[in-house]
Amino acid sequence: PPRSTLFPYTTLFRSDINAGVKGKSFAAAPFDFLPRRWIKHVVLKDVKGEATLSRPHYEPALLTTLNERLKSGDVTVSHSRRWTDFEEYLIPRSLWAAKRVEHYANLELPLEADEYLARLNERLKRVTNDVDRRVPANKALTIDPEKGEFHLAALKASEKPDAIKTLKELIESRLPRSDLADVLIDIDNRTNFLRHFLPPGADTVVRRRDALAGLLAIGCNIGCQRMALASGLNFREISLVADWYLTEDTLKAASIDIINFASRIPVSRVYGRGATCSADGMRFYVPIHILAADYSHVLQGRGVTLYAHTSDSFLRMHQQPIPCRLREAAFSLDGLMEHDTELDPKICYVDTHGFTEVVMATAALLGYELAPRIKDIKDQTLYKIDRQQHYANLDPILSGTIKPHLIRNAWDETVRVIASIEERIVSPSLVLHRLGSYARQNSVYQALSEIGRVQKTVHILKTLDDEDYRRRMGRELNKGEASHDLSRFLCFGKEGVLRGREFGDQVHTFSCLSVLHNAVVAWNMIQIGQIVAQLRAEGHEIDDEILSHVTPLLRKHINPFGRYHFDLDRIRKAQGGSGGNP
């Protein structure tokens, strides 16, 4: 509805109608903007057959419709980042017209939609032909031509050689026992990451100690007061650092320093070279009623999701808290775009909750590949672009057809959206959430859906065809899940429950936790590298493939808890033998 009609009346309705004022204001209330499902409840007929409005139904109808129009973009909110006009997220049209060719070149996309469609069709045909040719020899894949269904046999667990278990136990036995604080001190001596938390011109040992205490207090979730009691330090000094110097920007800078340092440790190349990552969510219970927390069926209560990107070398590249109710897929690209480290992952492995066709298309247009491990993969629809193209074995399951005209009609606007994300004018999650609310009414959403169906089909065909591809997918996702275990171990305070009352408190805790996580991984890599070098010098034959299974997430040798001192002089002495007076 026109804003001049709807918005002034919302104020009038709340101030006059609810106050019991029965006048012309309600009789003049507009209702033509209401959807049909509400009209039958709001508009009633009186005894004379004239239309009247039901006040008890009008207010929920008005607010529900306003909420729906807000999400769809028909109504916008001035000065709001999330609910502003969609055009505010994008490169201005005047600037787009002037630099359009440059943006297409940066994205390595053709100016003409037909050329892009030809590339897309060629890739889909090539992959489909290769997979179709190998179907008869694929013992894991069964296709039912009559039902148009396929079945993929589950992977058998690969038996780990005894050498992996032996090597892991040998390395664990030689890892030095250390307190978490000492681990951080050692990493700071090598990277100087604590400098980000120091006031200008105040680089002293005392200041570094306070910064370290504040980082542990927030990252381990024990709070500044308990850290002061456990360490004997001044509560005011710890909280001063935690409140003013442990900011989102400084914590990210510190984490980047540690990641860049760890990626240069020789043993890190055994685990991965930073070319891939995995994204997965971990849920934290939040007993406080805040807007950022909502119900989670996993927690059986209110909570928030820590959505984290873990590199193939187990380093935590990016993390952000998101409400449990939101699908994780829209956030899977944020970590790829915003990690700002020296790592350059081009493939991101996610689970079913971390992908949609639109997100797969957006990733592909940005130069990334989203590789989801899809639950109930047999229920997914596979597509062709050209229905005249036939395949001897795969035809029964290629039931969908891409609509090229939807891509062609919205090609330039789609690339404008992608270029805006590439230029980091707006985050991928924000754009994708807004496009998702538009659903089928938005031409860009429709174009991305068609492109995403091609990307999904290619990915599923590779999954059906290549066992190594499936195993690699599972292995990378397992790295992310194992990283969550280390984070749980470090965030032990308050039983792992987040009690901060603001969204910023969650960002604060998770950012500190990321620094602790990366510091432990980097320190473990240093120790593992030294131990392996020593073992090889002693005559042990250690293959890098075997070593890659010994994770740097080991934690039995690390003590995250505070030290406790027991004064023997103050302990009650026994009073003559085994007994004594009470």
# chains A, B, ... in the order shown; residues from 1 in each chain; ligands from 1

call {"tool": "select_by_dssp", "arguments": {"residues": "range 50-206 of chain A", "states": "strand (DSSP E or B)", "output": "ChimeraX atom specification"}}
result
/A:51-53,141-144,149-152,178-179

call {"tool": "write_last_selection", "arguments": {"atoms": "N, CA, C and O atoms", "output": "CSV table (one decimal), in the first residue's frame"}}
result
chain,number,residue,atom,x,y,z
A,51,ALA,N,-20.8,-2.6,4.7
A,51,ALA,CA,-19.5,-3.2,5.2
A,51,ALA,C,-19.0,-2.4,6.4
A,51,ALA,O,-19.1,-1.2,6.5
A,52,THR,N,-18.6,-3.2,7.4
A,52,THR,CA,-18.0,-2.6,8.6
A,52,THR,C,-16.7,-3.3,8.9
A,52,THR,O,-16.5,-4.5,8.4
A,53,LEU,N,-15.8,-2.7,9.7
A,53,LEU,CA,-14.5,-3.3,10.0
A,53,LEU,C,-14.5,-3.8,11.5
A,53,LEU,O,-15.1,-3.2,12.4
A,141,LEU,N,26.3,-47.0,-7.4
A,141,LEU,CA,25.1,-46.3,-7.9
A,141,LEU,C,24.1,-47.3,-8.6
A,141,LEU,O,24.5,-48.1,-9.4
A,142,THR,N,22.9,-47.1,-8.2
A,142,THR,CA,21.8,-48.0,-8.8
A,142,THR,C,20.7,-47.0,-9.3
A,142,THR,O,20.2,-46.1,-8.6
A,143,ILE,N,20.3,-47.2,-10.6
A,143,ILE,CA,19.3,-46.3,-11.2
A,143,ILE,C,18.1,-47.2,-11.6
A,143,ILE,O,18.2,-48.2,-12.2
A,144,ASP,N,16.9,-46.7,-11.1
A,144,ASP,CA,15.7,-47.4,-11.5
A,144,ASP,C,15.0,-46.6,-12.6
A,144,ASP,O,14.4,-45.5,-12.4
A,149,GLU,N,14.4,-43.0,-10.3
A,149,GLU,CA,15.1,-42.8,-9.0
A,149,GLU,C,16.5,-43.4,-9.1
A,149,GLU,O,16.8,-44.3,-9.9
A,150,PHE,N,17.3,-42.9,-8.2
A,150,PHE,CA,18.6,-43.5,-8.0
A,150,PHE,C,18.9,-43.7,-6.6
A,150,PHE,O,18.4,-43.1,-5.7
A,151,HIS,N,19.8,-44.6,-6.3
A,151,HIS,CA,20.3,-45.0,-5.0
A,151,HIS,C,21.8,-45.0,-4.9
A,151,HIS,O,22.4,-45.7,-5.8
A,152,LEU,N,22.4,-44.3,-4.0
A,152,LEU,CA,23.8,-44.3,-3.8
A,152,LEU,C,24.2,-45.0,-2.5
A,152,LEU,O,23.7,-44.6,-1.4
A,178,SER,N,51.3,-28.2,29.4
A,178,SER,CA,51.4,-26.8,29.5
A,178,SER,C,50.0,-26.2,29.9
A,178,SER,O,49.0,-26.7,29.5
A,179,ASP,N,50.1,-25.1,30.5
A,179,ASP,CA,48.8,-24.3,30.8
A,179,ASP,C,48.5,-23.5,29.6
A,179,ASP,O,49.3,-23.0,28.8

call {"tool": "residues_around", "arguments": {"residues": "Glu342 in chain A", "least_positions_apart": "3", "cutoff": "10 Å", "atoms": "only C-alpha atoms", "output": "VMD selection string"}}
result
chain A and resid 256 to 257 259 to 261 263 to 264 274 339 345

call {"tool": "residues_around", "arguments": {"residues": "range 511-516 of chain A", "least_positions_apart": "3", "cutoff": "6 Å", "atoms": "only C-alpha atoms", "output": "PyMOL selection string"}}
result
chain A and resi 219+255+507-508+519

call {"tool": "residues_around", "arguments": {"residues": "range 450-460 of chain A", "least_positions_apart": "4", "cutoff": "9 Å", "atoms": "only C-alpha atoms", "output": "PyMOL selection string"}}
result
chain A and resi 120-121+123-124+127-128+356-362+364+369-372+374+377+380-385+398+402-404+406-407+445-446+464-465

call {"tool": "write_last_selection", "arguments": {"atoms": "N, CA, C and O atoms", "output": "CSV table (one decimal), in the first residue's frame"}}
result
chain,number,residue,atom,x,y,z
A,120,LEU,N,27.8,-22.5,-19.6
A,120,LEU,CA,27.1,-23.3,-18.6
A,120,LEU,C,26.7,-24.6,-19.2
A,120,LEU,O,26.8,-25.7,-18.5
A,121,ASN,N,26.1,-24.5,-20.3
A,121,ASN,CA,25.6,-25.7,-21.0
A,121,ASN,C,26.8,-26.7,-21.4
A,121,ASN,O,26.7,-27.9,-21.2
A,123,ARG,N,29.7,-27.0,-19.9
A,123,ARG,CA,30.2,-27.7,-18.7
A,123,ARG,C,29.2,-28.7,-18.2
A,123,ARG,O,29.7,-29.9,-17.8
A,124,LEU,N,27.9,-28.5,-18.2
A,124,LEU,CA,27.0,-29.5,-17.7
A,124,LEU,C,27.0,-30.7,-18.7
A,124,LEU,O,27.0,-31.8,-18.2
A,127,VAL,N,30.3,-32.8,-18.0
A,127,VAL,CA,30.3,-33.6,-16.8
A,127,VAL,C,29.3,-34.7,-16.9
A,127,VAL,O,29.6,-35.9,-16.5
A,128,THR,N,28.1,-34.4,-17.4
A,128,THR,CA,27.1,-35.5,-17.6
A,128,THR,C,27.5,-36.6,-18.5
A,128,THR,O,27.3,-37.8,-18.2
A,356,THR,N,21.8,-23.8,-0.5
A,356,THR,CA,20.6,-23.7,-1.3
A,356,THR,C,21.1,-23.5,-2.7
A,356,THR,O,22.3,-23.2,-3.0
A,357,GLU,N,20.2,-23.6,-3.7
A,357,GLU,CA,20.6,-23.4,-5.1
A,357,GLU,C,21.0,-22.0,-5.3
A,357,GLU,O,22.0,-21.8,-6.1
A,358,VAL,N,20.4,-21.0,-4.7
A,358,VAL,CA,20.7,-19.6,-4.9
A,358,VAL,C,22.1,-19.4,-4.3
A,358,VAL,O,22.9,-18.6,-5.0
A,359,VAL,N,22.5,-19.9,-3.2
A,359,VAL,CA,23.8,-19.7,-2.6
A,359,VAL,C,24.9,-20.4,-3.5
A,359,VAL,O,26.0,-19.8,-3.7
A,360,MET,N,24.6,-21.6,-4.0
A,360,MET,CA,25.5,-22.2,-4.9
A,360,MET,C,25.8,-21.4,-6.1
A,360,MET,O,27.0,-21.3,-6.6
A,361,ALA,N,24.8,-20.8,-6.7
A,361,ALA,CA,24.9,-19.9,-7.9
A,361,ALA,C,25.8,-18.7,-7.5
A,361,ALA,O,26.7,-18.3,-8.3
A,362,THR,N,25.5,-18.1,-6.4
A,362,THR,CA,26.2,-16.9,-6.0
A,362,THR,C,27.7,-17.2,-5.8
A,362,THR,O,28.6,-16.4,-6.2
A,364,ALA,N,29.4,-19.6,-7.2
A,364,ALA,CA,30.0,-19.9,-8.5
A,364,ALA,C,30.3,-18.6,-9.3
A,364,ALA,O,31.4,-18.4,-9.9
A,369,GLU,N,33.5,-22.4,-5.1
A,369,GLU,CA,32.7,-23.6,-5.3
A,369,GLU,C,32.1,-24.1,-3.9
A,369,GLU,O,32.9,-24.3,-3.0
A,370,LEU,N,30.8,-24.3,-3.9
A,370,LEU,CA,30.2,-24.8,-2.7
A,370,LEU,C,29.9,-26.3,-2.9
A,370,LEU,O,29.3,-26.7,-3.8
A,371,ALA,N,30.5,-27.1,-1.9
A,371,ALA,CA,30.4,-28.5,-2.1
A,371,ALA,C,29.6,-29.1,-0.9
A,371,ALA,O,30.2,-29.4,0.2
A,372,PRO,N,28.3,-29.2,-1.0
A,372,PRO,CA,27.5,-29.6,0.2
A,372,PRO,C,27.4,-31.2,0.3
A,372,PRO,O,27.3,-31.8,-0.8
A,374,ILE,N,24.8,-33.6,1.0
A,374,ILE,CA,23.4,-33.4,1.0
A,374,ILE,C,22.7,-34.7,1.6
A,374,ILE,O,23.0,-35.8,1.1
A,377,ILE,N,20.1,-37.3,-0.6
A,377,ILE,CA,20.5,-36.8,-2.0
A,377,ILE,C,19.6,-37.4,-3.1
A,377,ILE,O,19.4,-36.8,-4.1
A,380,GLN,N,16.8,-35.1,-4.5
A,380,GLN,CA,17.1,-33.9,-5.2
A,380,GLN,C,16.8,-34.1,-6.7
A,380,GLN,O,17.0,-35.2,-7.3
A,381,THR,N,16.3,-33.0,-7.4
A,381,THR,CA,16.1,-33.0,-8.8
A,381,THR,C,17.3,-32.7,-9.6
A,381,THR,O,18.0,-31.7,-9.2
A,382,LEU,N,17.6,-33.5,-10.6
A,382,LEU,CA,18.8,-33.2,-11.5
A,382,LEU,C,18.2,-32.6,-12.8
A,382,LEU,O,17.2,-33.0,-13.3
A,383,TYR,N,19.0,-31.7,-13.4
A,383,TYR,CA,18.5,-30.9,-14.5
A,383,TYR,C,19.4,-31.0,-15.8
A,383,TYR,O,20.6,-31.4,-15.7
A,384,LYS,N,18.7,-30.8,-16.9
A,384,LYS,CA,19.3,-30.5,-18.2
A,384,LYS,C,19.0,-29.1,-18.6
A,384,LYS,O,18.1,-28.5,-18.2
A,385,ILE,N,19.9,-28.6,-19.5
A,385,ILE,CA,19.5,-27.3,-20.2
A,385,ILE,C,18.9,-27.6,-21.5
A,385,ILE,O,17.9,-27.0,-21.9
A,398,LEU,N,17.4,-37.4,-14.9
A,398,LEU,CA,17.6,-36.0,-15.3
A,398,LEU,C,16.2,-35.5,-15.7
A,398,LEU,O,15.8,-35.3,-16.8
A,402,ILE,N,16.3,-26.6,-17.1
A,402,ILE,CA,16.6,-25.2,-16.8
A,402,ILE,C,15.9,-24.3,-17.8
A,402,ILE,O,15.7,-24.6,-18.9
A,403,LYS,N,15.5,-23.1,-17.2
A,403,LYS,CA,14.8,-22.1,-18.0
A,403,LYS,C,15.8,-21.0,-18.4
A,403,LYS,O,16.0,-20.0,-17.6
A,404,PRO,N,16.5,-21.1,-19.5
A,404,PRO,CA,17.5,-20.1,-19.9
A,404,PRO,C,17.0,-18.6,-19.9
A,404,PRO,O,17.7,-17.7,-19.7
A,406,LEU,N,15.0,-17.0,-18.0
A,406,LEU,CA,15.1,-16.4,-16.7
A,406,LEU,C,16.5,-15.8,-16.4
A,406,LEU,O,16.6,-14.7,-15.8
A,407,ILE,N,17.5,-16.5,-16.9
A,407,ILE,CA,18.9,-16.1,-16.7
A,407,ILE,C,19.1,-14.9,-17.7
A,407,ILE,O,19.7,-13.9,-17.3
A,445,TYR,N,16.5,-13.4,-8.1
A,445,TYR,CA,16.3,-14.6,-7.4
A,445,TYR,C,16.1,-15.8,-8.4
A,445,TYR,O,16.7,-16.9,-8.2
A,446,GLN,N,15.2,-15.6,-9.3
A,446,GLN,CA,14.9,-16.6,-10.3
A,446,GLN,C,16.1,-17.0,-11.1
A,446,GLN,O,16.4,-18.2,-11.4
A,464,LEU,N,28.0,-38.7,-7.2
A,464,LEU,CA,27.6,-40.1,-7.6
A,464,LEU,C,28.7,-40.9,-8.2
A,464,LEU,O,28.8,-42.1,-8.1
A,465,ASP,N,29.6,-40.1,-8.9
A,465,ASP,CA,30.6,-40.8,-9.8
A,465,ASP,C,31.9,-41.1,-9.1
A,465,ASP,O,32.5,-42.1,-9.3
